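Note sheet for the following structure.
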Amino acid sequence: MFRFRICMSLLLMGVAVSLSAQQYKVTSRISFPGEGGWDYLIADSANRQLYVSHNTQVEVVDLDSQKPIATITGLSHIHGIAIADDLNRGFISDGGDNVVAIFDLKSHAVLQKVKVGTNPDGILYDPSSKHVFVFNGRSQDVTAIDAASGKVVGTVALGGKPEFPVSDGKGNVYVNIEDKSEIVQLNPSTLRVEKRWPLAPCEEPSGLAMDASTKRLFSVCDNQKMAVVNADSGKVVAMVVIGNGPDATIYDADKKLVFSSNGQDGTLTVVKQDSADKYSVVETVPTEKSARTMALDTKTHQIYLSAAQFDLPPAPTADNPHPRPKVVPNTFHVLVVSPQ
């Protein structure tokens with residue numbers, strides 16, 4: 001009887017753990033016609049719209065119906081989108097024309113284009129300074145734009161190739177420096193680099209997210225690691241094993257979960273924040289190969305990942321020894337991953 005009770009207790013504990021574990025799965029997809037690749041996407045949860053980069057245009061999706069409702073055109077090679085709800089403005093980094101396009105959130109009309117550095121990539125709106133920061137990969141600097149007027153207010157050299165940025169909303173902007181494997185802390189008001197922190201053993205960091213309440217930064221790295229960094233000291237406090245080919249990470253503050261989208265594996269790593277300095281992988285969700293960038297709807301907790309099918313790469317040549325495969329036309333889509 002004693003042994004039976006122990007077995008039953010262990011069984012019930014296992015059931016409780018299983019029931020409390022987070023479960024996510026792909027529940028639908030949103031398809032778009034056309035050709036070409038993509039980069040970042042962002043969910044404007046307040047206004048219930050999703051903005052998706054798609055080659056030379058931005059696809060706008062209604063988050064509630066999950067249907068496309070508009071397209072922002074007249075661009076060259078889109079990387080990222082930033083949203084300033086308080087100003088009714090959106091901002092698009094166009095790496096082909098080296099500009100930031102400013103658009104109206106209601107009409108989706110492009111209002112103006114601002115010349116920035118070379119190959120603008122990651123972009124964010126910092127509410128504390130009311131500046132938009134666009135991080136220029138080829139010129140290795142950041143251009144600051146006054147979000148209300150659209151005027152450039154400064155350019156700051158970063159000393160390396162910037163990737164994804166994040167703001168704490170309280171006077172600090174952080175960005176991954178891919179080729180130096182470090183994080184740079186930038187003051188958005190004075191436009192000065194304040195600190196540089198190494199991320200070793202993280203290599204080639206790309207996606208960056210933040211838990212502002214615990215002041216923890218999450219960098220996903222090319223060597224299948226997620227570095228957790230104290231945003232005050234710069235100390236790497238945890239290192240989590242993730243999937244292969246990550247390009248984005250997001251933090252769900254309500255659920256205390258960190259996500260890594262792994263395009264090469266075709267998986268989504270779900271990491272639980274047990275405490276400020278302790279993290280554990282709780283689930284690896286099958287998605288699709290190529291699903292490397294993502295966005296979070298903070299209202300529904302659904303995650304959106306861009307993906308497509310690819311042709312076989314062309315034969316290598318002397319001029320192009322490592323040719324990239326092309327996207328199969330009319331296969332671009334966004335996966336919807338939902339908590340169960």
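We name chains A, B, ... following the order of the structure tokens; residues begin at 1 in each chain, and ligands are numbered from 1 as shown.
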
Give me the residues near range 77-91 of chain A as a ChimeraX atom specification, where near means some atom within 6 Å (using only C-alpha atoms) and where sequence neighbours in that chain fewer than 5 positions away do not count. /A:39-40,53,55-56,96,101-105,121-125

For the residues in that selection, give me N, CA and C atoms as an mmCIF file, in the first residue's frame.
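The result, written out as again_37.cif:
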data_model
loop_
_atom_site.group_PDB
_atom_site.id
_atom_site.type_symbol
_atom_site.label_atom_id
_atom_site.label_comp_id
_atom_site.auth_asym_id
_atom_site.auth_seq_id
_atom_site.Cartn_x
_atom_site.Cartn_y
_atom_site.Cartn_z
ATOM 1 N N ASP A 39 12.331 40.369 -43.812
ATOM 2 C CA ASP A 39 13.162 40.503 -42.618
ATOM 3 C C ASP A 39 12.241 40.598 -41.400
ATOM 4 N N TYR A 40 12.205 41.754 -40.724
ATOM 5 C CA TYR A 40 11.453 41.835 -39.473
ATOM 6 C C TYR A 40 9.947 42.022 -39.694
ATOM 7 N N SER A 53 7.444 42.896 -43.148
ATOM 8 C CA SER A 53 8.311 43.253 -44.269
ATOM 9 C C SER A 53 8.241 42.156 -45.325
ATOM 10 N N ASN A 55 10.004 42.030 -49.022
ATOM 11 C CA ASN A 55 10.764 42.496 -50.178
ATOM 12 C C ASN A 55 10.669 44.018 -50.321
ATOM 13 N N THR A 56 9.874 44.525 -51.257
ATOM 14 C CA THR A 56 9.792 45.963 -51.518
ATOM 15 C C THR A 56 8.548 46.611 -50.923
ATOM 16 N N GLY A 96 17.613 49.260 -49.382
ATOM 17 C CA GLY A 96 17.933 49.441 -50.785
ATOM 18 C C GLY A 96 18.200 50.887 -51.149
ATOM 19 N N ALA A 101 11.363 55.426 -44.287
ATOM 20 C CA ALA A 101 10.074 55.917 -44.765
ATOM 21 C C ALA A 101 9.139 56.086 -43.573
ATOM 22 N N ILE A 102 8.531 57.255 -43.469
ATOM 23 C CA ILE A 102 7.597 57.555 -42.384
ATOM 24 C C ILE A 102 6.177 57.464 -42.940
ATOM 25 N N PHE A 103 5.306 56.717 -42.261
ATOM 26 C CA PHE A 103 3.944 56.547 -42.756
ATOM 27 C C PHE A 103 2.913 56.797 -41.665
ATOM 28 N N ASP A 104 1.695 57.080 -42.099
ATOM 29 C CA ASP A 104 0.563 57.325 -41.212
ATOM 30 C C ASP A 104 -0.049 55.989 -40.797
ATOM 31 N N LEU A 105 -0.283 55.795 -39.490
ATOM 32 C CA LEU A 105 -0.782 54.509 -39.005
ATOM 33 C C LEU A 105 -2.226 54.235 -39.415
ATOM 34 N N ASP A 121 18.962 48.850 -41.100
ATOM 35 C CA ASP A 121 18.442 47.513 -40.805
ATOM 36 C C ASP A 121 17.511 47.570 -39.599
ATOM 37 N N GLY A 122 18.017 47.239 -38.413
ATOM 38 C CA GLY A 122 17.188 47.290 -37.213
ATOM 39 C C GLY A 122 16.718 48.708 -36.923
ATOM 40 N N ILE A 123 15.495 48.826 -36.400
ATOM 41 C CA ILE A 123 14.909 50.146 -36.161
ATOM 42 C C ILE A 123 13.991 50.066 -34.952
ATOM 43 N N LEU A 124 13.966 51.155 -34.151
ATOM 44 C CA LEU A 124 13.045 51.201 -33.013
ATOM 45 C C LEU A 124 12.664 52.640 -32.711
ATOM 46 N N TYR A 125 11.533 52.777 -32.018
ATOM 47 C CA TYR A 125 11.080 54.068 -31.497
ATOM 48 C C TYR A 125 11.302 54.058 -29.998
#

Within 9 Å of Thr267 in chain A, counting only C-alpha atoms, which residues qualify if same-chain residues fewer than 2 places away don't, as a ChimeraX atom specification? /A:243-244,260-265,269,284-289,291-292

Once you have the residues from the selection above, write them out as a PDB file, in the first residue's frame, restricted to N, CA and C atoms.
ATOM      1  N   GLY A 243      17.829  26.608 -30.607  1.00  0.00           N
ATOM      2  CA  GLY A 243      17.952  25.939 -31.892  1.00  0.00           C
ATOM      3  C   GLY A 243      18.952  26.610 -32.810  1.00  0.00           C
ATOM      4  N   ASN A 244      19.062  26.069 -34.023  1.00  0.00           N
ATOM      5  CA  ASN A 244      20.049  26.521 -34.991  1.00  0.00           C
ATOM      6  C   ASN A 244      19.445  27.566 -35.940  1.00  0.00           C
ATOM      7  N   SER A 260      12.845  32.009 -28.970  1.00  0.00           N
ATOM      8  CA  SER A 260      13.868  32.122 -30.011  1.00  0.00           C
ATOM      9  C   SER A 260      13.355  31.430 -31.262  1.00  0.00           C
ATOM     10  N   SER A 261      13.308  32.170 -32.388  1.00  0.00           N
ATOM     11  CA  SER A 261      12.866  31.581 -33.663  1.00  0.00           C
ATOM     12  C   SER A 261      14.092  31.102 -34.430  1.00  0.00           C
ATOM     13  N   ASN A 262      14.152  29.804 -34.678  1.00  0.00           N
ATOM     14  CA  ASN A 262      15.334  29.152 -35.235  1.00  0.00           C
ATOM     15  C   ASN A 262      15.063  28.725 -36.668  1.00  0.00           C
ATOM     16  N   GLY A 263      15.487  29.563 -37.628  1.00  0.00           N
ATOM     17  CA  GLY A 263      15.125  29.354 -39.024  1.00  0.00           C
ATOM     18  C   GLY A 263      15.750  28.142 -39.663  1.00  0.00           C
ATOM     19  N   GLN A 264      16.965  27.801 -39.253  1.00  0.00           N
ATOM     20  CA  GLN A 264      17.627  26.659 -39.883  1.00  0.00           C
ATOM     21  C   GLN A 264      17.026  25.340 -39.424  1.00  0.00           C
ATOM     22  N   ASP A 265      16.674  25.261 -38.156  1.00  0.00           N
ATOM     23  CA  ASP A 265      16.038  24.051 -37.631  1.00  0.00           C
ATOM     24  C   ASP A 265      14.555  23.988 -37.951  1.00  0.00           C
ATOM     25  N   THR A 269      12.104  27.865 -29.855  1.00  0.00           N
ATOM     26  CA  THR A 269      12.502  27.478 -28.507  1.00  0.00           C
ATOM     27  C   THR A 269      11.752  28.330 -27.496  1.00  0.00           C
ATOM     28  N   THR A 284      10.124  22.869 -27.342  1.00  0.00           N
ATOM     29  CA  THR A 284      10.644  23.167 -28.673  1.00  0.00           C
ATOM     30  C   THR A 284       9.523  22.918 -29.663  1.00  0.00           C
ATOM     31  N   VAL A 285       9.000  23.989 -30.240  1.00  0.00           N
ATOM     32  CA  VAL A 285       7.805  23.920 -31.086  1.00  0.00           C
ATOM     33  C   VAL A 285       8.224  23.787 -32.551  1.00  0.00           C
ATOM     34  N   PRO A 286       7.741  22.776 -33.275  1.00  0.00           N
ATOM     35  CA  PRO A 286       8.019  22.694 -34.718  1.00  0.00           C
ATOM     36  C   PRO A 286       7.329  23.846 -35.452  1.00  0.00           C
ATOM     37  N   THR A 287       8.076  24.536 -36.307  1.00  0.00           N
ATOM     38  CA  THR A 287       7.494  25.603 -37.127  1.00  0.00           C
ATOM     39  C   THR A 287       7.756  25.262 -38.597  1.00  0.00           C
ATOM     40  N   GLU A 288       8.635  26.000 -39.260  1.00  0.00           N
ATOM     41  CA  GLU A 288       9.072  25.682 -40.619  1.00  0.00           C
ATOM     42  C   GLU A 288      10.507  26.157 -40.782  1.00  0.00           C
ATOM     43  N   LYS A 289      11.265  25.450 -41.597  1.00  0.00           N
ATOM     44  CA  LYS A 289      12.578  25.963 -41.954  1.00  0.00           C
ATOM     45  C   LYS A 289      12.397  27.298 -42.665  1.00  0.00           C
ATOM     46  N   ALA A 291      11.704  30.043 -40.903  1.00  0.00           N
ATOM     47  CA  ALA A 291      10.932  30.888 -39.976  1.00  0.00           C
ATOM     48  C   ALA A 291      11.877  31.428 -38.903  1.00  0.00           C
ATOM     49  N   ARG A 292      12.534  32.551 -39.223  1.00  0.00           N
ATOM     50  CA  ARG A 292      13.618  33.061 -38.390  1.00  0.00           C
ATOM     51  C   ARG A 292      13.314  34.394 -37.721  1.00  0.00           C
TER      52      ARG A 292
END

Show which residues sit within 9 Å of Val229 in chain A, as a list in words. Count only C-alpha atoms, and ignore same-chain residues fewer than 2 positions away.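 Result of the neighbour search: Leu199, Lys215, Arg216, Leu217, Phe218, Ser219, Ala227, Ala231, Asp232, Ser233, Gly234, Lys235, Val236, Val237, Ala238 and Asp277 of chain A.
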
Could you write out the selected residues, including N, CA, C and O atoms, as a short mmCIF file (atom, residue, chain, number, x, y, z; two decimals), in the first residue's frame?
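File written: out.cif
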data_model
loop_
_atom_site.label_atom_id
_atom_site.label_comp_id
_atom_site.auth_asym_id
_atom_site.auth_seq_id
_atom_site.Cartn_x
_atom_site.Cartn_y
_atom_site.Cartn_z
N LEU A 199 29.79 39.36 -25.02
CA LEU A 199 28.75 38.33 -24.85
C LEU A 199 29.31 36.92 -24.84
O LEU A 199 28.54 35.96 -24.87
N LYS A 215 15.50 44.04 -15.61
CA LYS A 215 16.66 44.59 -16.32
C LYS A 215 17.54 43.47 -16.86
O LYS A 215 18.75 43.46 -16.64
N ARG A 216 16.90 42.56 -17.60
CA ARG A 216 17.62 41.46 -18.23
C ARG A 216 17.45 41.55 -19.75
O ARG A 216 16.34 41.73 -20.25
N LEU A 217 18.58 41.42 -20.45
CA LEU A 217 18.60 41.42 -21.91
C LEU A 217 18.78 40.00 -22.41
O LEU A 217 19.50 39.20 -21.78
N PHE A 218 18.15 39.67 -23.54
CA PHE A 218 18.22 38.33 -24.12
C PHE A 218 18.75 38.44 -25.55
O PHE A 218 18.08 38.99 -26.42
N SER A 219 19.96 37.94 -25.78
CA SER A 219 20.57 37.95 -27.11
C SER A 219 20.62 36.53 -27.65
O SER A 219 21.14 35.63 -26.97
N ALA A 227 22.17 34.36 -24.71
CA ALA A 227 22.87 34.99 -23.59
C ALA A 227 21.90 35.88 -22.83
O ALA A 227 21.23 36.71 -23.42
N ALA A 231 21.40 44.21 -17.44
CA ALA A 231 21.49 45.48 -18.17
C ALA A 231 22.10 46.60 -17.34
O ALA A 231 22.38 47.68 -17.88
N ASP A 232 22.33 46.36 -16.06
CA ASP A 232 23.04 47.35 -15.23
C ASP A 232 24.54 47.12 -15.25
O ASP A 232 25.32 48.05 -15.45
N SER A 233 24.94 45.86 -15.05
CA SER A 233 26.36 45.55 -14.94
C SER A 233 26.99 45.05 -16.23
O SER A 233 28.21 45.10 -16.38
N GLY A 234 26.16 44.54 -17.16
CA GLY A 234 26.69 43.95 -18.38
C GLY A 234 27.15 42.52 -18.21
O GLY A 234 27.67 41.91 -19.15
N LYS A 235 26.95 41.95 -17.04
CA LYS A 235 27.38 40.58 -16.77
C LYS A 235 26.45 39.57 -17.43
O LYS A 235 25.23 39.72 -17.38
N VAL A 236 27.04 38.56 -18.07
CA VAL A 236 26.25 37.44 -18.60
C VAL A 236 25.88 36.55 -17.42
O VAL A 236 26.75 35.92 -16.81
N VAL A 237 24.59 36.49 -17.09
CA VAL A 237 24.14 35.77 -15.90
C VAL A 237 23.63 34.37 -16.21
O VAL A 237 23.49 33.55 -15.30
N ALA A 238 23.34 34.09 -17.48
CA ALA A 238 22.86 32.75 -17.85
C ALA A 238 23.11 32.55 -19.33
O ALA A 238 23.18 33.50 -20.11
N ASP A 277 17.88 35.35 -12.90
CA ASP A 277 19.13 34.76 -13.38
C ASP A 277 19.04 33.26 -13.66
O ASP A 277 20.06 32.61 -13.88
#

Glu182 in chain A surroundings by only C-alpha atoms, 12 Å radius, close-in-sequence under 3 positions cut, as a CSV table (one decimal) with all heavy atoms, in the first residue's frame:
chain,number,residue,atom,x,y,z
A,158,LEU,N,29.3,53.1,-34.2
A,158,LEU,CA,29.1,52.0,-33.3
A,158,LEU,C,30.3,51.1,-33.2
A,158,LEU,O,30.5,50.2,-32.4
A,158,LEU,CB,27.9,51.2,-33.6
A,158,LEU,CG,26.6,51.9,-33.4
A,158,LEU,CD1,25.4,51.1,-34.0
A,158,LEU,CD2,26.3,52.2,-32.0
A,159,GLY,N,31.3,51.2,-34.2
A,159,GLY,CA,32.5,50.4,-34.2
A,159,GLY,C,32.3,48.9,-34.5
A,159,GLY,O,33.1,48.1,-34.1
A,160,GLY,N,31.2,48.6,-35.2
A,160,GLY,CA,30.9,47.3,-35.6
A,160,GLY,C,29.5,47.2,-36.2
A,160,GLY,O,28.8,48.2,-36.3
A,161,LYS,N,29.2,46.0,-36.7
A,161,LYS,CA,27.9,45.8,-37.5
A,161,LYS,C,26.7,45.6,-36.5
A,161,LYS,O,26.7,44.6,-35.8
A,161,LYS,CB,28.0,44.6,-38.4
A,161,LYS,CG,26.8,44.4,-39.3
A,161,LYS,CD,26.9,43.2,-40.2
A,161,LYS,CE,25.7,43.0,-41.0
A,161,LYS,NZ,24.5,42.6,-40.2
A,162,PRO,N,25.8,46.6,-36.4
A,162,PRO,CA,24.7,46.5,-35.5
A,162,PRO,C,23.6,45.5,-36.1
A,162,PRO,O,23.4,45.4,-37.3
A,162,PRO,CB,24.1,47.9,-35.5
A,162,PRO,CG,24.5,48.5,-36.8
A,162,PRO,CD,25.8,47.9,-37.2
A,163,GLU,N,23.0,44.8,-35.1
A,163,GLU,CA,21.8,44.0,-35.5
A,163,GLU,C,20.6,44.5,-34.8
A,163,GLU,O,20.3,45.7,-34.9
A,163,GLU,CB,22.1,42.5,-35.1
A,163,GLU,CG,22.7,41.7,-36.2
A,163,GLU,CD,21.7,41.4,-37.3
A,163,GLU,OE1,20.5,41.4,-37.1
A,163,GLU,OE2,22.2,41.1,-38.4
A,164,PHE,N,19.9,43.7,-34.0
A,164,PHE,CA,18.6,44.1,-33.5
A,164,PHE,C,18.8,45.0,-32.3
A,164,PHE,O,19.6,44.7,-31.4
A,164,PHE,CB,17.7,42.9,-33.2
A,164,PHE,CG,16.2,43.3,-33.1
A,164,PHE,CD1,15.5,43.4,-34.3
A,164,PHE,CD2,15.6,43.5,-31.9
A,164,PHE,CE1,14.1,43.8,-34.2
A,164,PHE,CE2,14.3,43.8,-31.8
A,164,PHE,CZ,13.5,44.0,-33.0
A,174,TYR,N,19.7,49.6,-26.3
A,174,TYR,CA,20.7,48.6,-26.4
A,174,TYR,C,20.7,48.0,-27.8
A,174,TYR,O,19.6,47.9,-28.4
A,174,TYR,CB,20.5,47.4,-25.4
A,174,TYR,CG,20.4,47.9,-24.0
A,174,TYR,CD1,19.1,48.4,-23.5
A,174,TYR,CD2,21.5,48.0,-23.1
A,174,TYR,CE1,19.0,48.8,-22.2
A,174,TYR,CE2,21.4,48.5,-21.8
A,174,TYR,CZ,20.1,48.9,-21.3
A,174,TYR,OH,20.0,49.3,-20.1
A,175,VAL,N,21.8,47.5,-28.3
A,175,VAL,CA,21.9,46.9,-29.6
A,175,VAL,C,23.0,45.9,-29.7
A,175,VAL,O,24.1,46.0,-29.1
A,175,VAL,CB,22.1,48.0,-30.8
A,175,VAL,CG1,23.5,48.7,-30.6
A,175,VAL,CG2,22.0,47.3,-32.1
A,176,ASN,N,22.7,44.7,-30.3
A,176,ASN,CA,23.7,43.7,-30.5
A,176,ASN,C,24.7,44.2,-31.6
A,176,ASN,O,24.3,44.7,-32.6
A,176,ASN,CB,23.1,42.4,-31.0
A,176,ASN,CG,22.5,41.6,-29.9
A,176,ASN,OD1,22.9,41.7,-28.7
A,176,ASN,ND2,21.4,40.8,-30.2
A,177,ILE,N,26.0,43.9,-31.4
A,177,ILE,CA,27.0,44.2,-32.4
A,177,ILE,C,27.5,42.8,-32.9
A,177,ILE,O,28.2,42.1,-32.2
A,177,ILE,CB,28.2,45.0,-31.9
A,177,ILE,CG1,27.7,46.3,-31.3
A,177,ILE,CG2,29.2,45.3,-33.0
A,177,ILE,CD1,27.0,47.2,-32.3
A,178,GLU,N,27.0,42.4,-34.1
A,178,GLU,CA,27.2,41.1,-34.6
A,178,GLU,C,28.6,40.6,-34.7
A,178,GLU,O,29.0,39.6,-34.3
A,178,GLU,CB,26.5,40.9,-35.9
A,178,GLU,CG,26.5,39.5,-36.5
A,178,GLU,CD,25.8,39.4,-37.8
A,178,GLU,OE1,25.8,40.4,-38.6
A,178,GLU,OE2,25.1,38.3,-38.1
A,179,ASP,N,29.5,41.4,-35.4
A,179,ASP,CA,30.8,41.0,-35.7
A,179,ASP,C,31.8,41.1,-34.5
A,179,ASP,O,32.9,40.6,-34.6
A,179,ASP,CB,31.4,41.8,-36.9
A,179,ASP,CG,31.4,43.3,-36.7
A,179,ASP,OD1,30.6,43.8,-35.9
A,179,ASP,OD2,32.1,44.0,-37.4
A,185,GLN,N,25.4,49.9,-25.2
A,185,GLN,CA,24.4,50.7,-24.5
A,185,GLN,C,24.5,52.1,-24.9
A,185,GLN,O,25.6,52.7,-24.9
A,185,GLN,CB,24.6,50.6,-23.0
A,185,GLN,CG,23.5,51.4,-22.2
A,185,GLN,CD,23.8,51.4,-20.7
A,185,GLN,OE1,24.9,51.1,-20.3
A,185,GLN,NE2,22.8,51.9,-19.9
A,195,LYS,N,28.3,52.2,-22.8
A,195,LYS,CA,29.0,51.0,-22.4
A,195,LYS,C,29.1,50.0,-23.5
A,195,LYS,O,28.2,50.0,-24.4
A,195,LYS,CB,28.4,50.4,-21.2
A,195,LYS,CG,28.4,51.3,-19.9
A,195,LYS,CD,27.6,50.7,-18.8
A,195,LYS,CE,27.6,51.7,-17.6
A,195,LYS,NZ,26.8,51.2,-16.5
A,196,ARG,N,30.1,49.1,-23.5
A,196,ARG,CA,30.2,48.0,-24.4
A,196,ARG,C,30.4,46.7,-23.5
A,196,ARG,O,31.3,46.7,-22.6
A,196,ARG,CB,31.3,48.1,-25.3
A,196,ARG,CG,31.2,49.3,-26.3
A,196,ARG,CD,32.4,49.4,-27.2
A,196,ARG,NE,32.3,50.6,-28.1
A,196,ARG,CZ,31.7,50.5,-29.2
A,196,ARG,NH1,31.2,49.4,-29.7
A,196,ARG,NH2,31.6,51.6,-30.0
A,197,TRP,N,29.6,45.7,-23.8
A,197,TRP,CA,29.8,44.5,-23.0
A,197,TRP,C,30.0,43.3,-23.9
A,197,TRP,O,29.2,43.0,-24.8
A,197,TRP,CB,28.5,44.3,-22.1
A,197,TRP,CG,28.2,45.4,-21.1
A,197,TRP,CD1,29.1,46.0,-20.3
A,197,TRP,CD2,27.0,46.0,-20.8
A,197,TRP,NE1,28.5,46.9,-19.5
A,197,TRP,CE2,27.2,46.9,-19.8
A,197,TRP,CE3,25.7,45.8,-21.3
A,197,TRP,CZ2,26.1,47.7,-19.3
A,197,TRP,CZ3,24.6,46.5,-20.8
A,197,TRP,CH2,24.9,47.5,-19.8
A,198,PRO,N,31.0,42.5,-23.6
A,198,PRO,CA,31.2,41.2,-24.4
A,198,PRO,C,30.1,40.2,-24.0
A,198,PRO,O,29.6,40.1,-22.9
A,198,PRO,CB,32.6,40.8,-23.9
A,198,PRO,CG,32.8,41.3,-22.6
A,198,PRO,CD,32.0,42.7,-22.6
A,199,LEU,N,29.8,39.4,-25.0
A,199,LEU,CA,28.8,38.3,-24.8
A,199,LEU,C,29.3,36.9,-24.8
A,199,LEU,O,28.5,36.0,-24.9
A,199,LEU,CB,27.7,38.4,-26.0
A,199,LEU,CG,26.8,39.7,-25.9
A,199,LEU,CD1,25.9,39.7,-27.1
A,199,LEU,CD2,25.9,39.6,-24.6
A,200,ALA,N,30.6,36.8,-24.8
A,200,ALA,CA,31.2,35.4,-24.9
A,200,ALA,C,30.6,34.5,-23.8
A,200,ALA,O,30.4,35.0,-22.6
A,200,ALA,CB,32.7,35.5,-24.7
A,201,PRO,N,30.3,33.3,-24.1
A,201,PRO,CA,30.7,32.5,-25.3
A,201,PRO,C,29.6,32.6,-26.5
A,201,PRO,O,29.7,31.9,-27.4
A,201,PRO,CB,30.8,31.1,-24.9
A,201,PRO,CG,29.7,31.0,-23.8
A,201,PRO,CD,29.8,32.3,-23.1
A,202,CYS,N,28.8,33.6,-26.4
A,202,CYS,CA,27.8,33.9,-27.5
A,202,CYS,C,28.6,34.4,-28.7
A,202,CYS,O,29.5,35.2,-28.6
A,202,CYS,CB,26.8,34.9,-27.1
A,202,CYS,SG,26.0,35.8,-28.4
A,203,GLU,N,28.3,33.9,-29.9
A,203,GLU,CA,28.9,34.3,-31.1
A,203,GLU,C,27.9,34.9,-32.1
A,203,GLU,O,26.9,34.3,-32.3
A,203,GLU,CB,29.7,33.1,-31.8
A,203,GLU,CG,30.8,32.5,-30.9
A,203,GLU,CD,31.4,31.3,-31.5
A,203,GLU,OE1,30.9,30.9,-32.6
A,203,GLU,OE2,32.3,30.7,-30.8
A,204,GLU,N,28.2,36.0,-32.7
A,204,GLU,CA,27.4,36.6,-33.8
A,204,GLU,C,26.0,36.8,-33.3
A,204,GLU,O,25.0,36.2,-33.9
A,204,GLU,CB,27.5,35.9,-35.1
A,204,GLU,CG,28.9,35.8,-35.6
A,204,GLU,CD,29.0,35.1,-37.0
A,204,GLU,OE1,27.9,35.0,-37.7
A,204,GLU,OE2,30.0,34.6,-37.3
A,205,PRO,N,25.7,37.6,-32.3
A,205,PRO,CA,24.3,37.9,-31.8
A,205,PRO,C,23.5,38.6,-32.8
A,205,PRO,O,24.0,39.5,-33.6
A,205,PRO,CB,24.5,38.7,-30.6
A,205,PRO,CG,25.8,39.5,-30.8
A,205,PRO,CD,26.7,38.5,-31.6
A,206,SER,N,22.2,38.2,-32.9
A,206,SER,CA,21.3,38.9,-33.9
A,206,SER,C,20.1,39.5,-33.1
A,206,SER,O,20.1,40.6,-32.7
A,206,SER,CB,20.8,37.9,-35.0
A,206,SER,OG,20.4,36.7,-34.4
A,208,LEU,N,17.4,40.5,-30.2
A,208,LEU,CA,17.6,41.1,-28.9
A,208,LEU,C,16.2,41.4,-28.3
A,208,LEU,O,15.4,42.0,-29.0
A,208,LEU,CB,18.5,42.3,-28.9
A,208,LEU,CG,18.8,43.0,-27.5
A,208,LEU,CD1,19.7,42.0,-26.7
A,208,LEU,CD2,19.6,44.3,-27.8
A,217,LEU,N,18.6,41.4,-20.5
A,217,LEU,CA,18.6,41.4,-21.9
A,217,LEU,C,18.8,40.0,-22.4
A,217,LEU,O,19.5,39.2,-21.8
A,217,LEU,CB,19.8,42.3,-22.4
A,217,LEU,CG,19.7,43.8,-22.1
A,217,LEU,CD1,21.0,44.4,-22.2
A,217,LEU,CD2,18.7,44.5,-23.0
A,219,SER,N,20.0,37.9,-25.8
A,219,SER,CA,20.6,37.9,-27.1
A,219,SER,C,20.6,36.5,-27.6
A,219,SER,O,21.1,35.6,-27.0
A,219,SER,CB,22.0,38.5,-27.1
A,219,SER,OG,22.0,39.9,-26.7
A,220,VAL,N,20.1,36.3,-28.9
A,220,VAL,CA,20.2,35.0,-29.5
A,220,VAL,C,21.4,35.0,-30.4
A,220,VAL,O,21.6,36.0,-31.2
A,220,VAL,CB,18.9,34.6,-30.2
A,220,VAL,CG1,17.8,34.3,-29.2
A,220,VAL,CG2,18.5,35.6,-31.2
A,221,CYS,N,22.2,33.9,-30.4
A,221,CYS,CA,23.5,33.9,-31.0
A,221,CYS,C,23.6,32.8,-32.1
A,221,CYS,O,22.8,31.8,-32.0
A,221,CYS,CB,24.6,33.7,-30.0
A,221,CYS,SG,24.4,34.9,-28.6
A,227,ALA,N,22.2,34.4,-24.7
A,227,ALA,CA,22.9,35.0,-23.6
A,227,ALA,C,21.9,35.9,-22.8
A,227,ALA,O,21.2,36.7,-23.4
A,227,ALA,CB,24.1,35.8,-24.1
A,229,VAL,N,21.7,38.8,-20.1
A,229,VAL,CA,22.7,39.8,-19.6
A,229,VAL,C,22.0,40.8,-18.6
A,229,VAL,O,20.9,41.3,-18.9
A,229,VAL,CB,23.3,40.6,-20.8
A,229,VAL,CG1,24.2,41.7,-20.4
A,229,VAL,CG2,24.0,39.7,-21.8
A,234,GLY,N,26.2,44.5,-17.2
A,234,GLY,CA,26.7,43.9,-18.4
A,234,GLY,C,27.2,42.5,-18.2
A,234,GLY,O,27.7,41.9,-19.1
A,235,LYS,N,26.9,41.9,-17.0
A,235,LYS,CA,27.4,40.6,-16.8
A,235,LYS,C,26.5,39.6,-17.4
A,235,LYS,O,25.2,39.7,-17.4
A,235,LYS,CB,27.4,40.3,-15.3
A,235,LYS,CG,27.8,38.9,-14.9
A,235,LYS,CD,27.8,38.7,-13.4
A,235,LYS,CE,28.1,37.3,-13.0
A,235,LYS,NZ,28.0,37.1,-11.5
A,236,VAL,N,27.0,38.6,-18.1
A,236,VAL,CA,26.3,37.4,-18.6
A,236,VAL,C,25.9,36.5,-17.4
A,236,VAL,O,26.7,35.9,-16.8
A,236,VAL,CB,27.0,36.7,-19.7
A,236,VAL,CG1,26.2,35.5,-20.1
A,236,VAL,CG2,27.4,37.5,-20.9

Identify, with DSSP run on backbone atoms, the residues in range 39-262 of chain A assigned to helix (DSSP H, G or I), and express the list as a list in words. Asp85, Asp86, Leu87, Glu178, Asp179 and Lys180 of chain A

Expressed in Å to a single decimal, how great is the separation between CA of Val116 in chain A and CA of Ala147 in chain A?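 CA of Val116 in chain A sits 13.8 Å away from CA of Ala147 in chain A.
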
Based on DSSP run over this structure's backbone, return all residues of range 162-322 of chain A in strand (DSSP E or B), as number ranges by chain. A: 162-167, 173-177, 182-187, 192-198, 205-211, 216-221, 225-230, 236-241, 246-252, 257-262, 267-275, 278-286, 293-296, 303-307, 310

Give the answer as one residue: which of A:Ser31, A:Thr317, A:Thr73, A:Thr300 has the shortest atom-to-atom distance to Pro329 in chain A, using only C-alpha atoms? A:Ser31

How many Å separate CA of Val152 in chain A from CA of Ala209 in chain A?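 According to the coordinates, CA of Val152 in chain A and CA of Ala209 in chain A are separated by 25.6 Å.
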
Mind pulling up the distance from CA of Val270 in chain A to CA of Asn230 in chain A?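 Going from CA of Asn230 in chain A over to CA of Val270 in chain A, I get 20.2 Å.
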
Within 10 Å of range 330-335 of chain A, counting only C-alpha atoms, which residues qualify if same-chain residues fewer than 6 places away don't, as a count of residues only? 31

Nearest to Thr214 in chain A among A:Val228, A:Ala276, A:Thr190, A:Lys170, with distances taken over only C-alpha atoms: which residue is it? A:Ala276
